[in-house]
Every structure is written in structure tokens, then in C-alpha cells.
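Inspection log for the structure reproduced underneath, given as C-alpha cells.
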Amino acid sequence: MKKTLALMLFMTAGLTISAQNMDKKYKSIEVAIDIDAPAEKVWKAMVQDYGAISNWSPYIYAANYENGSLSGVKGAERKCDLNANGTRWVHERIADIDKKKMEMRNIILDGAKFPLDADNTQAYYRVKDNGNGTSTASYLMQFRGKPAFMTGMMKGSFKKSLANNLKGLKHYVETGEQVTPFNKKIKEIRKDYEVTFTK
């Protein structure tokens with residue numbers, strides 16, 4: 001169960017194309033990490049290179065553009081493999097994006113059997129310019145389990161995995177070295193970087 005929840009973290013949205021209404025009770029997790037790089041460089045890796053998430057996520061074995069633009073724009077879609085043989089995967093779409101504010105909302109179109117309520121789950125990717133050549137990358141994940149009683153049980157695993165994703169992003173942006181499930185780099189670096197939880 002823990003492994004399944006960890007692999008779901010980038011796929012934080014519904015299993016249908018319809019927009020999330022977020023009208024039921026849901027949990028929120030917000031996690032951030034400071035990165036010693038300009039905001040534009042972080043935004044490029046985190047969002048603009050939407051189909052290249054496998055360069056820095058310790059949970060994505062491969063990712064490919066499926067539809068829309070080759071860059072991170074509204075409507076761009078990617079397919080992410082969650083295991084080495086490609087039998088577990090998720091198909092995602094950028095639902096909204098504001099390049100000026102450096103904020104993107106991500107949803108799921110299709111995938112394996114994830115215990116998430118489609119209409120009450122979404123994720124925001126954000127980058128903030130700190131004004132001194134550094135930046136802060138963050139995720140805001142809003143989710144509801146399906147069945148609903150699972151919501152609270154998921155939060156701990158989601159927090160750990162979101163933190164590891166940001167640590168992978170930081171390491172990749174600062175060093176150029178990929179963090180993938182294949183090289184298991186996250187095991188070496190996870191204690192080197194600190195994240196901040198605000199929710």
C-alpha cells in the first residue's frame with residue numbers, strides 16, 4: 001500500500017477529464033524546498049519540461065508527451081510509467097497554468113486503479129523567485145480518498161513522497177544529476193536536503 005501511494009503523488013487529480021469541483025471535504029498538503037538556482041531554471045525543469053519529469057522524480061520510470069504542446073502549456077499531456085515494465089502508468093494533463101505567477105494545476109485523465117476521488121483531488125506546482133538568485137519550489141496537494149475513509153491514512157505517505165520529489169528536483173537542478181527509480185539516488189540525497197511543510 002505504501003509503495004502504491006508513493007507512486008501516485010504526481011498523479012494527484014481525477015480519473016476523468018471533467019474539471020474538479022472540490023465540493024467535498026478533502027485533505028491538503030503543502031511542501032516547499034529552497035533551490036540554489038534562478039526561478040526560471042526551476043520552472044523549466046518542474047513545469048516547462050513537462051514530459052521530462054523522469055529526470056528528477058524518484059517514482060517515475062519514464063514519461064512521454066501524449067498530446068498538445070511539447071512544452072508546459074495548458075492542455076499539454078504526458079504519460080508516466082510507474083514501474084519498469086510499463087504496466088502501471090498514469091496519463092496527466094495541465095489543467096491551468098500561469099507562467100507569470102509560475103503556477104500550474106495538474107490533473108489525471110486516465111490511469112491504474114488509484115484510491116482518489118476524481119472530483120476532489122488536484123495538485124498545484126509553484127515556483128517563487130526569492131530575489132537573490134535562489135527560488136522556492138512547492139506543491140499544494142488537495143485530495144480525497146475513494147473510499148473517503150482512506151483520506152487520512154494517505155496523508156503520511158503523500159507527505160514523504162512529495163518531499164522526496166522536491167529533493168529530487170533540487171538535486172537535478174543544482175547538480176544536473178538525474179534522480180530516478182533506476183539509480184536510486186534519492187536514498188543517497190534525501191537526508192542532505194530539507195523541506196518545509198506548511199499544511
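Naming works like this for the C-alpha cells: A, B, ... for the chains as they're shown, residue 1 at the start of each chain, ligands 1 onward in shown order.
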Next on the checklist: According to DSSP computed on the backbone, where in range 145-177 of chain A is there helix (DSSP H, G or I)? Give the residues as a PyMOL selection string.
Outcome noted: chain A and resi 148-175
Checklist entry - Where does DSSP see strand (DSSP E) in chain A, if you list the residues as a VMD selection string? => result chain A and resid 27 to 35 62 to 67 77 to 81 89 to 98 103 to 111 122 to 129 135 to 143 196 to 197
Checklist entry - Neighbours of Met102 in chain A within 12 Å (only C-alpha atoms; same-chain residues fewer than 5 positions away dropped), as a VMD selection string? => result chain A and resid 39 to 44 46 to 48 72 to 73 96 to 97 124 to 129 135 to 139
Checklist entry - Between A:Gly131, A:Ala112, A:Gly152, A:Leu82, which is the closest to Pro58 in chain A once you count only C-alpha atoms? => result A:Leu82
